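J.: Have a look at this one before I ask anything.
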2 protein chains.
Amino acid sequence: MANLREVAAKAGVSVRTVSNVVSGAGPVAPATRARVQQVLDEVGYRPNLAARHLRGGRTGVVGLVVPELTSAYFAELAGLVVASAGERSWTVVVNESGGTVEGERRLLDDVGGRMLDGLVVSPWALPPEELTAQAGELPLVVLGERDPAGVADHVTVDNVAAAHAVTTHLIGLGRRRIAAVGLQPHLANGTAAQRLLGYRQALTDAGLPPEEALEVPVATLHRAEGARAAQALLDAPHAPDAVFCFSDGLALGALRVLLRSGRRVPEDVALAGFDDIEDGRYATPSLTTVSPDKRQIADRALQCLADRIGRRGPATAQRIVVPHRLLVRESTAGDLTA
Amino acid sequence: MANLREVAAKAGVSVRTVSNVVSGAGPVAPATRARVQQVLDEVGYRPNLAARHLRGGRTGVVGLVVPELTSAYFAELAGLVVASAGERSWTVVVNESGGTVEGERRLLDDVGGRMLDGLVVSPWALPPEELTAQAGELPLVVLGERDPAGVADHVTVDNVAAAHAVTTHLIGLGRRRIAAVGLQPHLANGTAAQRLLGYRQALTDAGLPPEEALEVPVATLHRAEGARAAQALLDAPHAPDAVFCFSDGLALGALRVLLRSGRRVPEDVALAGFDDIEDGRYATPSLTTVSPDKRQIADRALQCLADRIGRRGPATAQRIVVPHRLLVRESTAGDLTA
């Protein structure tokens with residue numbers, strides 16, 4: 001790897017000028033800056049991160065903390081954050097917290113010692129106040145619902161409206177016993193609570209009273225929990241004629257139990273999920289779902305972070321709501337090609 | 001956050017002793033080390049990474065480069081590497097290369113400037129010689145097939161034996177026109193080539209001549225490519241009675257096309273994958289697959305890396321083969337509960 005002296009010789013400028021271009025610290029004429037940058041690119045010069053950090057510069061490294069990479073939703077989101085960060089020449093450190101209070105505390109506690117310019121966190125367990133307290137001076141953006149205290153920038157979809165739309169779609173198909181699978185009263189992040197709110201609201205709007213027996217809590221958003229919930233619903237006295245799962249993973253677990261029990265989907269039981277992961281598109285029947293605009297979530301989160309790092313953001317915490325779409329597929333609408 | 005002086009006062013030792021414990025550089029009696037470590041843990045002391053790195057110490061950060069996080073196999077593997085690293089108090093920087101020559105070069109080129117103790121890479125495009133050349137002095141472990149040059153530690157499954165076992169299983173079910181989906185002649189990593197070898201060998205062993213028309217190349221390992229390949233096989237003059245896909249993602253894409261075309265799986269077409277991702281367990285029919293021992297892949301790779309970092313490894317590159325299992329499920333064996 002070339003050093004600054006070699007770059008200076010190649011570009012025909014002083015070492016100080018090269019140093020100013022690399023650090024962004026001193027004045028350099030635009031044409032000179034371009035010439036130096038071209039040589040830096042040619043020789044593949046990489047600034048020494050440690051040295052930059054110690055003199056108070058930026059590292060170009062941002063952190064992303066997700067509950068789990070084995071959830072297809074978070075894996076897809078992580079991929080989009082990495083891609084979007086690449087366009088800003090940022091490197092992303094991806095870490096998974098396990099979604100527990102301890103795991104999220106540990107990762108946030110660690111970042112103080114790490115060389116990060118900023119952090120994007122999708123928290124499950126820690127309340128926003130603790131997140132921001134732990135992050136300290138580090139620029140922070142939070143993904144997902146929701147921050148009643150308004151202490152950190154948030155990027156989310158409108159979970160109430162999305163759940164309302166799914167439930168109204170199922171009601172429009174003539175379904176009356178619509179189960180909701182995915183309550184997570186043990187988590188602080190509020191996403192499931194918001195979806196439950198939208199589901200209940202849609203039932204009430206249609207004159208259908210919400211029934212506690214049709215609202216099923218889960219420990220995780222994995223297929224195994226969806227399978228368990230579907231089995232419990234089938235074993236209960238009055239089986240549902242539709243199931244709205246709060247994630248596609250839950251829905252795909254439920255789908256297998258429904259099909260294996262001899263139910264036709266959607267004829268006997270209509271089924272909808274949330275997240276629009278690839279698995280749902282290729283399931284048979286394909287899965288009706290809510291598609292959050294994941295690319296926008298990634299882009300807007302990094303834009304927020306860039307603003308905070310550059311001290312350009314508004315003084316108060318922002319709440320950014322990205323669009324979502326209801327994707328009607330075979331698991332509620334039947335064979336669309338027939 | 002406490003500094004070394006406070007820790008020394010609390011533990012009743014000198015600052016130099018605390019420094020020796022933190023850096024691992026100097027001699028400290030075991031009982032003293034334990035007492036100092038306890039105080040360090042109590043006060044939540046985090047070493048300053050930048051300072052440690054500059055004085056030649058270790059950062060406790062290792063890198064993991066995978067082709068893509070949206071592949072369930074790599075997402076699961078990344079999760080296991082993060083978990084296994086946690087047991088060593090290492091933090092993992094996860095990065096995705098896109099599986100291209102440019103992407104892999106860029107990430108390896110970057111690591112020189114990053115603060116990593118070592119790197120685990122699952123390469124698709126770069127040949128091993130270039131990998132090790134790019135990594136330079138950085139301890140490196142390569143996942144997957146295969147390193148004919150023996151220049152870096154490799155952790156892999158026996159892809160030839162695994163593919164042979166799947167194909168032999170299909171032959172044992174009476175299938176004679178067994179397609180192989182997943183050839184990737186454009187990639188340098190050799191995994192698909194090894195699986196093709198095992199498939200052809202099993203056919204030959206059973207007196208069945210391999211047919212070029214039944215060997216289908218793919219651009220990626222995603223569902224869309226599996227769907228495309230299955231459609232091409234169905235459109236050809238002589239449709240197969242079994243399909244062995246080189247990944248579960250490909251198999252799940254093929255499954256949808258087979259079912260939507262009216263084929264019964266496995267009665268008309270038996271189907272098998274490779275990887276044992278969660279999606280395959282919950283598909284209907286559930287997917288027969290090869291299950292590499294992913295936990296062992298993660299553990300052994302990190303053990304190799306620890307050996308290299310500590311300069312304890314053998315002088316020559318190691319090839320570590322972890323076990324795999326053939327999981328027979330409904331997509332080849334039919335309804336196992338009936």
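Quick note on naming: the chains in the structure tokens go A, B, ... in the order shown, residues restart at 1 in each chain, and ligands are numbered from 1 in order of appearance.
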Can you list, as an MDAnalysis selection string, every protein, DNA or RNA residue that comes within 8 Å of region 33-42 of chain A when you count only C-alpha atoms, leaving out same-chain residues fewer than 3 positions away?
T.: chainID A and resid 7:8 10:11 18 21 28:30 45
J.: How would the residues just picked look written out with C-alpha atoms as a PDB file, in the first residue's frame?
T.:
ATOM      1  CA  VAL A   7       1.112   9.846  -3.443  1.00  0.00           C
ATOM      2  CA  ALA A   8       2.497  13.384  -3.108  1.00  0.00           C
ATOM      3  CA  LYS A  10       2.967  11.096  -8.084  1.00  0.00           C
ATOM      4  CA  ALA A  11       0.521  14.001  -7.858  1.00  0.00           C
ATOM      5  CA  VAL A  18      -2.169  15.090   0.346  1.00  0.00           C
ATOM      6  CA  VAL A  21      -7.169  15.926   1.065  1.00  0.00           C
ATOM      7  CA  VAL A  28      -7.090  22.549  -1.049  1.00  0.00           C
ATOM      8  CA  ALA A  29      -7.988  23.994  -4.455  1.00  0.00           C
ATOM      9  CA  PRO A  30     -10.665  21.884  -6.233  1.00  0.00           C
ATOM     10  CA  TYR A  45      -4.704   4.310  -0.689  1.00  0.00           C
TER      11      TYR A  45
END
J.: From a backbone DSSP assignment, name each residue in region 217-327 of chain A labelled strand (DSSP E), as a ChimeraX atom specification.
T.: /A:217,242-245,270-272,289-292,319-322,324-327
J.: Could those selected residues go to a file with C-alpha atoms, as an mmCIF file, in the first residue's frame?
T.:
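Wrote it out as result.cif, contents follow:
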data_model
loop_
_atom_site.group_PDB
_atom_site.id
_atom_site.type_symbol
_atom_site.label_atom_id
_atom_site.label_comp_id
_atom_site.auth_asym_id
_atom_site.auth_seq_id
_atom_site.Cartn_x
_atom_site.Cartn_y
_atom_site.Cartn_z
ATOM 1 C CA PRO A 217 -49.380 -14.406 21.719
ATOM 2 C CA ALA A 242 -58.962 -16.439 8.529
ATOM 3 C CA VAL A 243 -55.602 -15.916 10.239
ATOM 4 C CA PHE A 244 -53.585 -12.709 10.178
ATOM 5 C CA CYS A 245 -50.019 -13.376 11.321
ATOM 6 C CA ALA A 270 -57.556 -17.448 4.504
ATOM 7 C CA LEU A 271 -54.036 -16.544 5.633
ATOM 8 C CA ALA A 272 -52.051 -13.307 5.596
ATOM 9 C CA THR A 289 -48.693 -9.897 3.034
ATOM 10 C CA VAL A 290 -47.859 -6.310 3.885
ATOM 11 C CA SER A 291 -44.763 -5.101 2.089
ATOM 12 C CA PRO A 292 -42.942 -2.343 3.981
ATOM 13 C CA ARG A 319 -40.308 10.244 13.173
ATOM 14 C CA ILE A 320 -40.128 9.106 9.560
ATOM 15 C CA VAL A 321 -42.923 6.920 8.231
ATOM 16 C CA VAL A 322 -42.126 5.035 5.022
ATOM 17 C CA HIS A 324 -46.177 0.081 2.758
ATOM 18 C CA ARG A 325 -48.326 -1.909 0.347
ATOM 19 C CA LEU A 326 -50.856 -4.709 0.842
ATOM 20 C CA LEU A 327 -49.890 -7.519 -1.572
#
J.: Taking into account only C-alpha atoms, which residue in the set B:Gln303, B:Thr91, B:Thr288, B:Asn20 is nearest to chain A?
T.: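 The closest residue to chain A is B:Thr91.
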J.: Tell me, as a PDB file with C-alpha atoms, in the first residue's frame, which residues lie within 10 Å of Ala180 (chain A), counting only C-alpha atoms; anything in the same chain fewer than 4 positions away does not count.
T.:
ATOM      1  CA  ALA A 163     -52.793  -4.126  10.078  1.00  0.00           C
ATOM      2  CA  THR A 167     -57.926  -7.175   8.404  1.00  0.00           C
ATOM      3  CA  ARG A 195     -50.583  -4.197  14.686  1.00  0.00           C
ATOM      4  CA  LEU A 196     -53.039  -5.547  17.255  1.00  0.00           C
ATOM      5  CA  TYR A 199     -56.556  -5.354  13.666  1.00  0.00           C
ATOM      6  CA  ARG A 200     -59.023  -4.620  16.476  1.00  0.00           C
ATOM      7  CA  PRO A 210     -62.714  -8.553  18.913  1.00  0.00           C
ATOM      8  CA  GLU A 211     -62.464 -11.924  20.712  1.00  0.00           C
ATOM      9  CA  GLU A 212     -59.676 -12.677  23.118  1.00  0.00           C
ATOM     10  CA  ALA A 213     -59.687 -16.357  22.081  1.00  0.00           C
ATOM     11  CA  LEU A 214     -58.662 -15.317  18.565  1.00  0.00           C
ATOM     12  CA  GLU A 215     -55.676 -13.224  19.701  1.00  0.00           C
ATOM     13  CA  VAL A 216     -52.650 -15.500  20.069  1.00  0.00           C
ATOM     14  CA  PRO A 217     -49.380 -14.406  21.719  1.00  0.00           C
ATOM     15  CA  ALA A 229     -50.357 -21.009  17.256  1.00  0.00           C
ATOM     16  CA  PRO A 240     -61.087 -19.308  12.639  1.00  0.00           C
ATOM     17  CA  ALA A 242     -58.962 -16.439   8.529  1.00  0.00           C
ATOM     18  CA  VAL A 243     -55.602 -15.916  10.239  1.00  0.00           C
ATOM     19  CA  PHE A 244     -53.585 -12.709  10.178  1.00  0.00           C
ATOM     20  CA  CYS A 245     -50.019 -13.376  11.321  1.00  0.00           C
ATOM     21  CA  PHE A 246     -47.831 -10.441  12.362  1.00  0.00           C
ATOM     22  CA  ALA A 272     -52.051 -13.307   5.596  1.00  0.00           C
TER      23      ALA A 272
END
J.: For Gly172 (chain A), list every protein, DNA or RNA residue within 12 Å, evaluated using only C-alpha atoms, and leave out those in the same chain fewer than 2 positions away; present the list as a PyMOL selection string.
T.: chain A and resi 165-170+174-176+178+202-203+206+242+270+332-333
J.: Save out the residues we just selected, N, CA, C and O atoms, as a tab-separated table (two decimals), in the first residue's frame.
T.:
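Output file result04.tsv follows:
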chain	number	residue	atom	x	y	z
A	165	ALA	N	-55.52	-2.51	7.18
A	165	ALA	CA	-55.75	-2.84	5.77
A	165	ALA	C	-55.84	-4.35	5.56
A	165	ALA	O	-56.71	-4.83	4.82
A	166	VAL	N	-54.96	-5.12	6.20
A	166	VAL	CA	-55.00	-6.58	6.07
A	166	VAL	C	-56.33	-7.11	6.59
A	166	VAL	O	-57.00	-7.92	5.93
A	167	THR	N	-56.71	-6.67	7.77
A	167	THR	CA	-57.93	-7.18	8.40
A	167	THR	C	-59.16	-6.80	7.58
A	167	THR	O	-60.07	-7.62	7.38
A	168	THR	N	-59.18	-5.58	7.08
A	168	THR	CA	-60.31	-5.13	6.25
A	168	THR	C	-60.39	-5.94	4.96
A	168	THR	O	-61.49	-6.27	4.49
A	169	HIS	N	-59.23	-6.29	4.40
A	169	HIS	CA	-59.19	-7.16	3.21
A	169	HIS	C	-59.84	-8.52	3.52
A	169	HIS	O	-60.65	-9.03	2.74
A	170	LEU	N	-59.51	-9.09	4.69
A	170	LEU	CA	-60.07	-10.40	5.07
A	170	LEU	C	-61.59	-10.29	5.31
A	170	LEU	O	-62.35	-11.17	4.91
A	174	GLY	N	-65.45	-11.84	3.21
A	174	GLY	CA	-66.56	-12.52	3.89
A	174	GLY	C	-66.14	-13.27	5.14
A	174	GLY	O	-66.96	-13.98	5.75
A	175	ARG	N	-64.89	-13.12	5.56
A	175	ARG	CA	-64.43	-13.83	6.76
A	175	ARG	C	-64.93	-13.09	8.00
A	175	ARG	O	-64.96	-11.86	8.05
A	176	ARG	N	-65.32	-13.87	9.00
A	176	ARG	CA	-65.89	-13.28	10.22
A	176	ARG	C	-65.12	-13.67	11.47
A	176	ARG	O	-65.15	-12.96	12.47
A	178	ILE	N	-61.71	-13.96	12.40
A	178	ILE	CA	-60.34	-13.66	11.95
A	178	ILE	C	-59.41	-13.65	13.16
A	178	ILE	O	-59.57	-12.83	14.06
A	202	ALA	N	-60.09	-2.45	12.86
A	202	ALA	CA	-60.77	-2.85	11.63
A	202	ALA	C	-61.99	-3.72	11.94
A	202	ALA	O	-63.05	-3.57	11.32
A	203	LEU	N	-61.84	-4.63	12.91
A	203	LEU	CA	-62.97	-5.47	13.32
A	203	LEU	C	-64.11	-4.59	13.84
A	203	LEU	O	-65.27	-4.72	13.42
A	206	ALA	N	-66.04	-2.73	11.33
A	206	ALA	CA	-66.95	-3.58	10.54
A	206	ALA	C	-68.06	-4.16	11.41
A	206	ALA	O	-68.83	-5.01	10.94
A	242	ALA	N	-60.08	-17.22	9.06
A	242	ALA	CA	-58.96	-16.44	8.53
A	242	ALA	C	-57.94	-16.25	9.65
A	242	ALA	O	-58.31	-16.19	10.83
A	270	ALA	N	-58.41	-18.41	5.21
A	270	ALA	CA	-57.56	-17.45	4.50
A	270	ALA	C	-56.40	-17.08	5.43
A	270	ALA	O	-56.53	-17.09	6.65
A	332	THR	N	-55.05	-15.63	0.28
A	332	THR	CA	-56.37	-15.05	0.61
A	332	THR	C	-57.27	-14.99	-0.61
A	332	THR	O	-58.48	-15.19	-0.51
A	333	ALA	N	-56.70	-14.74	-1.79
A	333	ALA	CA	-57.52	-14.51	-2.98
A	333	ALA	C	-57.71	-15.77	-3.81
A	333	ALA	O	-58.46	-15.77	-4.78
J.: If you measure from CA of Glu102 (chain B) to CA of Glu76 (chain A), what distance in Å do you get, rounded to one decimal?
T.: 21.3 Å
J.: Quick one, how far is CA of Gln296 (chain B) from CA of Ala188 (chain B)?
T.: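 CA of Ala188 (chain B) lies 24.1 Å from CA of Gln296 (chain B).
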J.: Please identify which residues in region 87-188 of chain A DSSP calls alpha helix (DSSP H) from the backbone, and express them as number ranges by chain.
T.: A: 87, 101-111, 128-135, 159-172
J.: Could you give me, as a PDB file with all heavy atoms, in the first residue's frame, the residues within 7 Å of Pro139 (chain A), counting only C-alpha atoms and dropping anything in the same chain fewer than 4 positions from it?
T.:
ATOM      1  N   GLY A 118     -21.649   6.139  13.836  1.00  0.00           N
ATOM      2  CA  GLY A 118     -23.057   6.200  14.206  1.00  0.00           C
ATOM      3  C   GLY A 118     -23.644   4.816  14.221  1.00  0.00           C
ATOM      4  O   GLY A 118     -22.975   3.844  13.862  1.00  0.00           O
ATOM      5  N   LEU A 119     -24.908   4.732  14.638  1.00  0.00           N
ATOM      6  CA  LEU A 119     -25.502   3.431  14.889  1.00  0.00           C
ATOM      7  C   LEU A 119     -26.977   3.422  14.473  1.00  0.00           C
ATOM      8  O   LEU A 119     -27.722   4.349  14.770  1.00  0.00           O
ATOM      9  CB  LEU A 119     -25.387   3.128  16.394  1.00  0.00           C
ATOM     10  CG  LEU A 119     -25.693   1.716  16.867  1.00  0.00           C
ATOM     11  CD1 LEU A 119     -24.685   0.735  16.293  1.00  0.00           C
ATOM     12  CD2 LEU A 119     -25.663   1.671  18.393  1.00  0.00           C
ATOM     13  N   LEU A 305     -28.938   9.309   9.815  1.00  0.00           N
ATOM     14  CA  LEU A 305     -27.662   9.134  10.503  1.00  0.00           C
ATOM     15  C   LEU A 305     -26.636  10.122   9.950  1.00  0.00           C
ATOM     16  O   LEU A 305     -25.892  10.759  10.718  1.00  0.00           O
ATOM     17  CB  LEU A 305     -27.174   7.694  10.315  1.00  0.00           C
ATOM     18  CG  LEU A 305     -26.181   7.175  11.337  1.00  0.00           C
ATOM     19  CD1 LEU A 305     -26.755   7.265  12.737  1.00  0.00           C
ATOM     20  CD2 LEU A 305     -25.804   5.728  11.020  1.00  0.00           C
ATOM     21  N   ARG A 308     -27.301  13.459  11.410  1.00  0.00           N
ATOM     22  CA  ARG A 308     -26.877  13.564  12.812  1.00  0.00           C
ATOM     23  C   ARG A 308     -25.360  13.646  12.920  1.00  0.00           C
ATOM     24  O   ARG A 308     -24.824  14.418  13.709  1.00  0.00           O
ATOM     25  CB  ARG A 308     -27.382  12.351  13.610  1.00  0.00           C
ATOM     26  CG  ARG A 308     -28.869  12.296  13.821  1.00  0.00           C
ATOM     27  CD  ARG A 308     -29.356  13.392  14.757  1.00  0.00           C
ATOM     28  NE  ARG A 308     -30.813  13.507  14.689  1.00  0.00           N
ATOM     29  CZ  ARG A 308     -31.493  14.578  15.097  1.00  0.00           C
ATOM     30  NH1 ARG A 308     -30.878  15.628  15.612  1.00  0.00           N
ATOM     31  NH2 ARG A 308     -32.806  14.616  14.987  1.00  0.00           N
ATOM     32  N   ILE A 309     -24.677  12.813  12.104  1.00  0.00           N
ATOM     33  CA  ILE A 309     -23.209  12.818  12.147  1.00  0.00           C
ATOM     34  C   ILE A 309     -22.683  14.185  11.713  1.00  0.00           C
ATOM     35  O   ILE A 309     -21.748  14.716  12.295  1.00  0.00           O
ATOM     36  CB  ILE A 309     -22.644  11.692  11.243  1.00  0.00           C
ATOM     37  CG1 ILE A 309     -22.962  10.323  11.854  1.00  0.00           C
ATOM     38  CG2 ILE A 309     -21.146  11.858  11.045  1.00  0.00           C
ATOM     39  CD1 ILE A 309     -22.686   9.147  10.931  1.00  0.00           C
TER      40      ILE A 309
END
J.: Which residues come within 9 Å of region 255-261 of chain B, counting only C-alpha atoms, excluding same-chain residues fewer than 2 positions away, as a list in words?
T.: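 Returned residues: Tyr282, Ala283, Thr284, Pro285 and Ser286 of chain A; Gly226, Ala227, Arg228, Ala230, Gln231, Leu234, Leu250, Ala251, Leu252, Gly253, Arg263, Arg264, Val265, Val269, Leu271, Pro285 and Ser331 of chain B.
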J.: Could you please determine the separation between CA of Ala152 (chain B) and CA of Val101 (chain B) in Å, to one decimal place?
T.: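 About the pair CA of Ala152 (chain B) and CA of Val101 (chain B): they are 18.2 Å apart.
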J.: With a distance cut-off of 12 Å and only C-alpha atoms, select the neighbouring residues of Ala301 (chain A), excluding the residue or stretch itself and same-chain residues fewer than 2 positions from it, and output the selection as a VMD selection string.
T.: chain A and resid 62 to 64 77 to 78 80 to 82 84 to 85 118 to 122 139 to 144 152 to 156 294 to 299 303 to 308 318 to 322
